[in-house]
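As provided, my_file.pdb (PDB, C-alpha atoms) reads as follows.
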```pdb
ATOM      1  CA  MET A   5     -89.941  58.541  93.627  1.00  0.00           C
ATOM      2  CA  ARG A   6     -86.620  58.678  91.802  1.00  0.00           C
ATOM      3  CA  THR A   7     -86.356  60.786  88.653  1.00  0.00           C
ATOM      4  CA  PRO A   8     -84.650  59.096  85.701  1.00  0.00           C
ATOM      5  CA  SER A   9     -81.328  60.562  84.590  1.00  0.00           C
ATOM      6  CA  ASN A  10     -80.065  61.345  81.154  1.00  0.00           C
ATOM      7  CA  TYR A  11     -77.996  58.584  79.583  1.00  0.00           C
ATOM      8  CA  VAL A  12     -74.600  59.453  78.088  1.00  0.00           C
ATOM      9  CA  CYS A  13     -72.922  57.266  75.478  1.00  0.00           C
ATOM     10  CA  GLU A  14     -69.239  57.808  74.701  1.00  0.00           C
ATOM     11  CA  THR A  15     -68.321  58.056  71.011  1.00  0.00           C
ATOM     12  CA  VAL A  16     -66.005  59.648  68.460  1.00  0.00           C
ATOM     13  CA  ASP A  17     -65.999  63.438  68.808  1.00  0.00           C
ATOM     14  CA  PRO A  18     -67.360  64.793  65.492  1.00  0.00           C
ATOM     15  CA  GLU A  19     -65.396  68.030  65.924  1.00  0.00           C
ATOM     16  CA  ASN A  20     -62.149  66.270  66.812  1.00  0.00           C
ATOM     17  CA  PRO A  21     -62.325  62.675  65.494  1.00  0.00           C
ATOM     18  CA  GLY A  22     -58.695  61.918  66.340  1.00  0.00           C
ATOM     19  CA  GLY A  23     -58.976  63.254  69.881  1.00  0.00           C
ATOM     20  CA  PRO A  24     -60.641  62.023  73.048  1.00  0.00           C
ATOM     21  CA  LYS A  25     -64.161  60.630  72.947  1.00  0.00           C
ATOM     22  CA  THR A  26     -67.186  62.772  73.637  1.00  0.00           C
ATOM     23  CA  GLY A  27     -70.562  62.050  75.210  1.00  0.00           C
ATOM     24  CA  ILE A  28     -73.846  61.944  73.317  1.00  0.00           C
ATOM     25  CA  VAL A  29     -76.834  62.503  75.594  1.00  0.00           C
ATOM     26  CA  ILE A  30     -80.079  60.572  75.433  1.00  0.00           C
ATOM     27  CA  LEU A  31     -82.451  62.726  77.441  1.00  0.00           C
ATOM     28  CA  ALA A  32     -84.438  60.995  80.165  1.00  0.00           C
ATOM     29  CA  ASP A  33     -87.680  62.590  78.916  1.00  0.00           C
ATOM     30  CA  TYR A  34     -87.015  61.153  75.470  1.00  0.00           C
ATOM     31  CA  TYR A  35     -86.283  57.556  76.482  1.00  0.00           C
ATOM     32  CA  THR A  36     -89.041  57.413  79.110  1.00  0.00           C
ATOM     33  CA  ARG A  37     -91.555  58.573  76.480  1.00  0.00           C
ATOM     34  CA  LEU A  38     -90.305  55.837  74.133  1.00  0.00           C
ATOM     35  CA  TYR A  39     -90.549  53.266  76.925  1.00  0.00           C
ATOM     36  CA  LYS A  40     -94.129  54.245  77.685  1.00  0.00           C
ATOM     37  CA  TYR A  41     -95.535  54.706  74.172  1.00  0.00           C
ATOM     38  CA  PHE A  42     -93.126  53.172  71.628  1.00  0.00           C
ATOM     39  CA  PRO A  43     -91.603  49.957  73.050  1.00  0.00           C
ATOM     40  CA  VAL A  44     -89.922  48.853  69.799  1.00  0.00           C
ATOM     41  CA  GLN A  45     -88.208  52.222  69.401  1.00  0.00           C
ATOM     42  CA  TYR A  46     -87.191  52.032  73.046  1.00  0.00           C
ATOM     43  CA  GLU A  47     -85.596  48.611  72.508  1.00  0.00           C
ATOM     44  CA  ASN A  48     -83.782  49.952  69.433  1.00  0.00           C
ATOM     45  CA  LEU A  49     -81.902  52.345  71.702  1.00  0.00           C
ATOM     46  CA  ARG A  50     -79.610  49.294  71.983  1.00  0.00           C
ATOM     47  CA  ALA A  51     -78.832  49.721  68.275  1.00  0.00           C
ATOM     48  CA  VAL A  52     -78.263  53.448  68.888  1.00  0.00           C
ATOM     49  CA  ARG A  53     -75.739  52.618  71.583  1.00  0.00           C
ATOM     50  CA  TRP A  54     -74.035  50.087  69.297  1.00  0.00           C
ATOM     51  CA  VAL A  55     -73.706  52.616  66.443  1.00  0.00           C
ATOM     52  CA  LEU A  56     -72.364  55.315  68.760  1.00  0.00           C
ATOM     53  CA  THR A  57     -69.874  52.859  70.246  1.00  0.00           C
ATOM     54  CA  TYR A  58     -68.774  51.460  66.842  1.00  0.00           C
ATOM     55  CA  PRO A  59     -69.534  54.130  64.211  1.00  0.00           C
ATOM     56  CA  GLU A  60     -68.583  53.497  60.582  1.00  0.00           C
ATOM     57  CA  ARG A  61     -69.263  57.013  59.258  1.00  0.00           C
ATOM     58  CA  ILE A  62     -70.024  60.469  60.677  1.00  0.00           C
ATOM     59  CA  PHE A  63     -71.704  63.098  58.510  1.00  0.00           C
ATOM     60  CA  TRP A  64     -72.146  66.792  59.318  1.00  0.00           C
ATOM     61  CA  GLY A  65     -74.844  69.284  58.362  1.00  0.00           C
ATOM     62  CA  VAL A  66     -77.980  67.220  58.975  1.00  0.00           C
ATOM     63  CA  ARG A  67     -80.384  69.946  60.064  1.00  0.00           C
ATOM     64  CA  VAL A  68     -82.186  71.996  57.448  1.00  0.00           C
ATOM     65  CA  TYR A  69     -84.034  74.324  59.834  1.00  0.00           C
ATOM     66  CA  SER A  70     -81.480  74.419  62.654  1.00  0.00           C
ATOM     67  CA  GLU A  71     -77.863  74.489  61.521  1.00  0.00           C
ATOM     68  CA  GLY A  72     -75.504  71.875  62.779  1.00  0.00           C
ATOM     69  CA  GLY A  73     -75.765  68.359  63.994  1.00  0.00           C
ATOM     70  CA  TRP A  74     -74.331  65.063  62.912  1.00  0.00           C
ATOM     71  CA  CYS A  75     -75.369  61.667  61.671  1.00  0.00           C
ATOM     72  CA  TYR A  76     -73.513  58.620  63.008  1.00  0.00           C
ATOM     73  CA  VAL A  77     -73.929  55.542  60.867  1.00  0.00           C
ATOM     74  CA  GLY A  78     -73.228  51.874  61.473  1.00  0.00           C
ATOM     75  CA  ARG A  79     -74.617  48.424  60.995  1.00  0.00           C
ATOM     76  CA  PRO A  80     -75.545  46.612  64.228  1.00  0.00           C
ATOM     77  CA  ASP A  81     -75.804  42.841  64.173  1.00  0.00           C
ATOM     78  CA  GLU A  82     -79.472  42.871  65.235  1.00  0.00           C
ATOM     79  CA  TRP A  83     -82.412  45.092  66.014  1.00  0.00           C
ATOM     80  CA  HIS A  84     -85.993  44.920  67.229  1.00  0.00           C
ATOM     81  CA  VAL A  85     -88.583  44.688  64.458  1.00  0.00           C
ATOM     82  CA  LYS A  86     -91.656  44.143  66.657  1.00  0.00           C
ATOM     83  CA  GLN A  87     -92.259  43.920  70.355  1.00  0.00           C
ATOM     84  CA  SER A  88     -90.230  40.946  71.677  1.00  0.00           C
ATOM     85  CA  VAL A  89     -88.943  40.126  68.158  1.00  0.00           C
ATOM     86  CA  ILE A  90     -85.238  40.525  67.467  1.00  0.00           C
ATOM     87  CA  ALA A  91     -83.931  39.966  63.931  1.00  0.00           C
ATOM     88  CA  PRO A  92     -80.623  40.257  62.115  1.00  0.00           C
ATOM     89  CA  PHE A  93     -80.086  43.771  60.820  1.00  0.00           C
ATOM     90  CA  PRO A  94     -80.787  43.874  57.044  1.00  0.00           C
ATOM     91  CA  LYS A  95     -77.683  43.808  54.824  1.00  0.00           C
ATOM     92  CA  HIS A  96     -78.843  46.567  52.452  1.00  0.00           C
ATOM     93  CA  PHE A  97     -79.542  49.057  55.239  1.00  0.00           C
ATOM     94  CA  VAL A  98     -77.554  51.148  57.681  1.00  0.00           C
ATOM     95  CA  PHE A  99     -78.640  52.398  61.083  1.00  0.00           C
ATOM     96  CA  ALA A 100     -78.489  56.200  61.283  1.00  0.00           C
ATOM     97  CA  VAL A 101     -78.273  58.067  64.597  1.00  0.00           C
ATOM     98  CA  TYR A 102     -78.989  61.805  64.458  1.00  0.00           C
ATOM     99  CA  VAL A 103     -77.480  64.170  67.022  1.00  0.00           C
ATOM    100  CA  ASN A 104     -78.164  67.897  67.396  1.00  0.00           C
ATOM    101  CA  PRO A 105     -75.477  70.579  67.954  1.00  0.00           C
ATOM    102  CA  ARG A 106     -75.918  70.164  71.747  1.00  0.00           C
ATOM    103  CA  ARG A 107     -74.883  66.516  71.245  1.00  0.00           C
ATOM    104  CA  GLU A 108     -78.307  65.165  72.133  1.00  0.00           C
ATOM    105  CA  LEU A 109     -79.957  62.295  70.279  1.00  0.00           C
ATOM    106  CA  PHE A 110     -83.017  63.455  68.358  1.00  0.00           C
ATOM    107  CA  GLU A 111     -83.780  60.694  65.824  1.00  0.00           C
ATOM    108  CA  TYR A 112     -82.624  57.274  64.638  1.00  0.00           C
ATOM    109  CA  GLY A 113     -83.593  54.393  62.416  1.00  0.00           C
ATOM    110  CA  ALA A 114     -82.776  52.126  59.504  1.00  0.00           C
ATOM    111  CA  GLU A 115     -82.108  53.708  56.122  1.00  0.00           C
ATOM    112  CA  LYS A 116     -81.280  52.187  52.751  1.00  0.00           C
ATOM    113  CA  ALA A 117     -77.550  51.869  52.146  1.00  0.00           C
ATOM    114  CA  ASP A 118     -75.848  53.675  49.282  1.00  0.00           C
ATOM    115  CA  PRO A 119     -74.922  51.167  46.552  1.00  0.00           C
ATOM    116  CA  ASP A 120     -71.557  52.939  46.052  1.00  0.00           C
ATOM    117  CA  ASP A 121     -70.750  52.943  49.778  1.00  0.00           C
ATOM    118  CA  PRO A 122     -72.773  50.302  51.657  1.00  0.00           C
ATOM    119  CA  LEU A 123     -71.826  51.839  55.037  1.00  0.00           C
ATOM    120  CA  SER A 124     -73.457  55.194  54.150  1.00  0.00           C
ATOM    121  CA  PRO A 125     -77.128  56.107  53.705  1.00  0.00           C
ATOM    122  CA  VAL A 126     -78.416  56.412  50.153  1.00  0.00           C
ATOM    123  CA  ASP A 127     -77.944  59.907  48.640  1.00  0.00           C
ATOM    124  CA  TRP A 128     -75.767  61.038  51.538  1.00  0.00           C
ATOM    125  CA  GLN A 129     -74.066  63.612  49.267  1.00  0.00           C
ATOM    126  CA  GLY A 130     -77.376  65.419  48.741  1.00  0.00           C
ATOM    127  CA  ARG A 131     -78.692  65.039  52.278  1.00  0.00           C
ATOM    128  CA  TYR A 132     -75.770  66.123  54.440  1.00  0.00           C
ATOM    129  CA  GLY A 133     -73.097  68.800  54.374  1.00  0.00           C
ATOM    130  CA  GLY A 134     -70.431  66.137  53.989  1.00  0.00           C
ATOM    131  CA  LEU A 135     -68.561  63.183  55.412  1.00  0.00           C
ATOM    132  CA  ILE A 136     -66.262  64.159  58.285  1.00  0.00           C
ATOM    133  CA  TRP A 137     -65.064  60.783  59.539  1.00  0.00           C
ATOM    134  CA  LYS A 138     -64.786  57.225  58.258  1.00  0.00           C
ATOM    135  CA  SER A 139     -63.792  54.176  60.285  1.00  0.00           C
ATOM    136  CA  THR A 140     -60.521  52.634  59.211  1.00  0.00           C
ATOM    137  CA  SER A 141     -60.997  49.294  60.940  1.00  0.00           C
TER     138      SER A 141
END
```
As structure tokens:
Amino acid sequence: MRTPSNYVCETVDPENPGGPKTGIVILADYYTRLYKYFPVQYENLRAVRWVLTYPERIFWGVRVYSEGGWCYVGRPDEWHVKQSVIAPFPKHFVFAVYVNPRRELFEYGAEKADPDDPLSPVDWQGRYGGLIWKSTS
């Protein structure tokens, strides 16, 4: 029996945004657990990949109990809302992808967008250490 491998998605390096891309790891244990027990979350790994490929914002300082980590934010065109149901991504939300200091995915999901910056999560100034990168395209 073949063991699943970790998946690596190339994205903007949060420590060197103008430099070469870096890899964010989605651990095999994590995605196989989602596949087995949480099929909608598993399908939304497509949205994770989209956000990491086309990020709009990167925030630093996302971990309260373990220093470090980043939040990549974007707005995919669609996402899974129920098993076998794909819908347009809501206009007043952003999709946040949380990465630990080892550059491993640890959480993701839709969050309300900030009214002052619709490509950032609401209250981002109070939740994160700061904004470190913003898409210019």
**Study point:** Which residue of A:Ala117, A:Ile136, A:Ala32, A:Leu56 approaches Thr15 of chain A most closely, using only C-alpha atoms
**Key:**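 Among the listed residues, the smallest separation from Thr15 of chain A belongs to A:Leu56.
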Practice item. Would you list the residues near (-84.9, 59.8, 65.7) (no more than 9 Å away, in the coordinates of the file, using all atoms listed in the file) as a PyMOL selection string? Key: chain A and resi 100-103+109-113
Exercise for review: List the residues sitting within 8 Å of (-67.1, 66.6, 58.5) in the file's frame, using all atoms listed in the file, as a VMD selection string.
Suggested key: chain A and resid 18 to 19 62 to 64 133 to 137
Point to revise | Among the residues A:Val66, A:Leu123, A:Ala51, A:Ile30, the one that comes closest to Glu82 of chain A [using all atoms listed in the file] | key: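 Closest candidate: A:Ala51.
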**Study point:** Output of the PyMOL selection byres ((chain A and resi 10) around 7), listed as number ranges by chain
**Key:** A: 8-9, 11-12, 29-32
Practice item. Tell me, in Å to one decimal, how far atom CA of Thr26 of chain A is from atom CA of Val98 of chain A. Key: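 Going from atom CA of Thr26 of chain A over to atom CA of Val98 of chain A covers 22.3 Å.
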Exercise for review: Identify, on the basis of all atoms listed in the file, every residue whose closest approach to Pro105 of chain A does not exceed 8 Å; exclude the query and any residue fewer than 6 positions from it along the same chain; express the result as number ranges by chain.
Suggested key: A: 71-74
Review point. Leaving out Val16 of chain A and any residue of its chain fewer than 3 positions from it, which residues lie within 12 Å of it when counting all atoms listed in the file, given as a ChimeraX atom specification?
Key: /A:13,19-28,55-63,74-77,107,136-139
Review point. Quick one: residues within 12 Å of Lys95 of chain A, only C-alpha atoms counted, chain neighbours fewer than 6 positions away excluded, as a ChimeraX atom specification?
Key: /A:78-82,114-119,122-123
Check your understanding: What is the atom CA of Ser124 of chain A to atom CA of Pro43 of chain A distance in Å?
Key ->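 Separation between atom CA of Ser124 of chain A and atom CA of Pro43 of chain A: 26.7 Å.
For the atom pair formed by atom CA of Phe99 of chain A and atom CA of Val52 of chain A, the distance is 7.9 Å, given to one decimal.
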Check your understanding: Could you write out as a list in words the residues that the PyMOL selection byres ((chain A and resi 92) around 8) matches in the shown file?
Key ->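 Given this file, the PyMOL selection byres ((chain A and resi 92) around 8) evaluates to Asp81, Glu82, Trp83, Ile90, Ala91, Phe93 and Pro94 of chain A.
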Repair of segment 95-118 of chain A at the level of N, CA, C and O atoms, as an mmCIF file, in the coordinates of the input:
```cif
data_model
loop_
_atom_site.group_PDB
_atom_site.id
_atom_site.type_symbol
_atom_site.label_atom_id
_atom_site.label_comp_id
_atom_site.auth_asym_id
_atom_site.auth_seq_id
_atom_site.Cartn_x
_atom_site.Cartn_y
_atom_site.Cartn_z
ATOM 1 N N LYS A 95 -78.973 43.544 55.462
ATOM 2 C CA LYS A 95 -77.683 43.808 54.824
ATOM 3 C C LYS A 95 -77.678 45.055 53.945
ATOM 4 O O LYS A 95 -76.645 45.678 53.781
ATOM 5 N N HIS A 96 -78.797 45.424 53.369
ATOM 6 C CA HIS A 96 -78.843 46.567 52.452
ATOM 7 C C HIS A 96 -79.322 47.842 53.139
ATOM 8 O O HIS A 96 -79.816 48.749 52.477
ATOM 9 N N PHE A 97 -79.163 47.886 54.456
ATOM 10 C CA PHE A 97 -79.542 49.057 55.239
ATOM 11 C C PHE A 97 -78.396 49.449 56.158
ATOM 12 O O PHE A 97 -77.502 48.642 56.427
ATOM 13 N N VAL A 98 -78.442 50.680 56.620
ATOM 14 C CA VAL A 98 -77.554 51.148 57.681
ATOM 15 C C VAL A 98 -78.442 51.725 58.778
ATOM 16 O O VAL A 98 -79.597 52.077 58.530
ATOM 17 N N PHE A 99 -77.907 51.812 59.968
ATOM 18 C CA PHE A 99 -78.640 52.398 61.083
ATOM 19 C C PHE A 99 -78.066 53.787 61.312
ATOM 20 O O PHE A 99 -76.863 53.941 61.573
ATOM 21 N N ALA A 100 -78.905 54.807 61.168
ATOM 22 C CA ALA A 100 -78.489 56.200 61.283
ATOM 23 C C ALA A 100 -78.939 56.766 62.625
ATOM 24 O O ALA A 100 -80.090 56.591 63.027
ATOM 25 N N VAL A 101 -78.018 57.459 63.296
ATOM 26 C CA VAL A 101 -78.273 58.067 64.597
ATOM 27 C C VAL A 101 -78.023 59.568 64.450
ATOM 28 O O VAL A 101 -76.909 59.985 64.143
ATOM 29 N N TYR A 102 -79.063 60.364 64.656
ATOM 30 C CA TYR A 102 -78.989 61.805 64.458
ATOM 31 C C TYR A 102 -78.831 62.535 65.787
ATOM 32 O O TYR A 102 -79.578 62.279 66.737
ATOM 33 N N VAL A 103 -77.868 63.445 65.813
ATOM 34 C CA VAL A 103 -77.480 64.170 67.022
ATOM 35 C C VAL A 103 -77.508 65.662 66.714
ATOM 36 O O VAL A 103 -77.003 66.098 65.677
ATOM 37 N N ASN A 104 -78.094 66.453 67.614
ATOM 38 C CA ASN A 104 -78.164 67.897 67.396
ATOM 39 C C ASN A 104 -76.851 68.578 67.823
ATOM 40 O O ASN A 104 -75.966 67.920 68.380
ATOM 41 N N PRO A 105 -76.718 69.877 67.587
ATOM 42 C CA PRO A 105 -75.477 70.579 67.954
ATOM 43 C C PRO A 105 -75.159 70.547 69.456
ATOM 44 O O PRO A 105 -74.005 70.725 69.836
ATOM 45 N N ARG A 106 -76.153 70.295 70.295
ATOM 46 C CA ARG A 106 -75.918 70.164 71.747
ATOM 47 C C ARG A 106 -75.486 68.746 72.118
ATOM 48 O O ARG A 106 -75.379 68.411 73.285
ATOM 49 N N ARG A 107 -75.295 67.919 71.085
ATOM 50 C CA ARG A 107 -74.883 66.516 71.245
ATOM 51 C C ARG A 107 -75.929 65.691 71.978
ATOM 52 O O ARG A 107 -75.615 64.871 72.835
ATOM 53 N N GLU A 108 -77.175 65.932 71.606
ATOM 54 C CA GLU A 108 -78.307 65.165 72.133
ATOM 55 C C GLU A 108 -78.948 64.381 70.988
ATOM 56 O O GLU A 108 -79.150 64.921 69.902
ATOM 57 N N LEU A 109 -79.260 63.131 71.255
ATOM 58 C CA LEU A 109 -79.957 62.295 70.279
ATOM 59 C C LEU A 109 -81.321 62.899 69.975
ATOM 60 O O LEU A 109 -82.041 63.294 70.886
ATOM 61 N N PHE A 110 -81.668 62.989 68.673
ATOM 62 C CA PHE A 110 -83.017 63.455 68.358
ATOM 63 C C PHE A 110 -83.776 62.551 67.399
ATOM 64 O O PHE A 110 -84.990 62.680 67.258
ATOM 65 N N GLU A 111 -83.084 61.602 66.749
ATOM 66 C CA GLU A 111 -83.780 60.694 65.824
ATOM 67 C C GLU A 111 -82.851 59.536 65.497
ATOM 68 O O GLU A 111 -81.633 59.661 65.597
ATOM 69 N N TYR A 112 -83.421 58.422 65.059
ATOM 70 C CA TYR A 112 -82.624 57.274 64.638
ATOM 71 C C TYR A 112 -83.494 56.293 63.894
ATOM 72 O O TYR A 112 -84.718 56.322 64.000
ATOM 73 N N GLY A 113 -82.854 55.432 63.113
ATOM 74 C CA GLY A 113 -83.593 54.393 62.416
ATOM 75 C C GLY A 113 -82.813 53.814 61.259
ATOM 76 O O GLY A 113 -81.716 54.272 60.919
ATOM 77 N N ALA A 114 -83.388 52.795 60.649
ATOM 78 C CA ALA A 114 -82.776 52.126 59.504
ATOM 79 C C ALA A 114 -83.034 52.938 58.244
ATOM 80 O O ALA A 114 -84.126 53.472 58.048
ATOM 81 N N GLU A 115 -82.000 53.022 57.408
ATOM 82 C CA GLU A 115 -82.108 53.708 56.122
ATOM 83 C C GLU A 115 -81.433 52.839 55.070
ATOM 84 O O GLU A 115 -80.495 52.102 55.376
ATOM 85 N N LYS A 116 -81.898 52.945 53.838
ATOM 86 C CA LYS A 116 -81.280 52.187 52.751
ATOM 87 C C LYS A 116 -79.817 52.598 52.610
ATOM 88 O O LYS A 116 -79.481 53.773 52.721
ATOM 89 N N ALA A 117 -78.973 51.617 52.338
ATOM 90 C CA ALA A 117 -77.550 51.869 52.146
ATOM 91 C C ALA A 117 -77.276 52.336 50.719
ATOM 92 O O ALA A 117 -77.960 51.930 49.775
ATOM 93 N N ASP A 118 -76.282 53.179 50.583
ATOM 94 C CA ASP A 118 -75.848 53.675 49.282
ATOM 95 C C ASP A 118 -75.161 52.530 48.530
ATOM 96 O O ASP A 118 -74.258 51.899 49.070
#
```
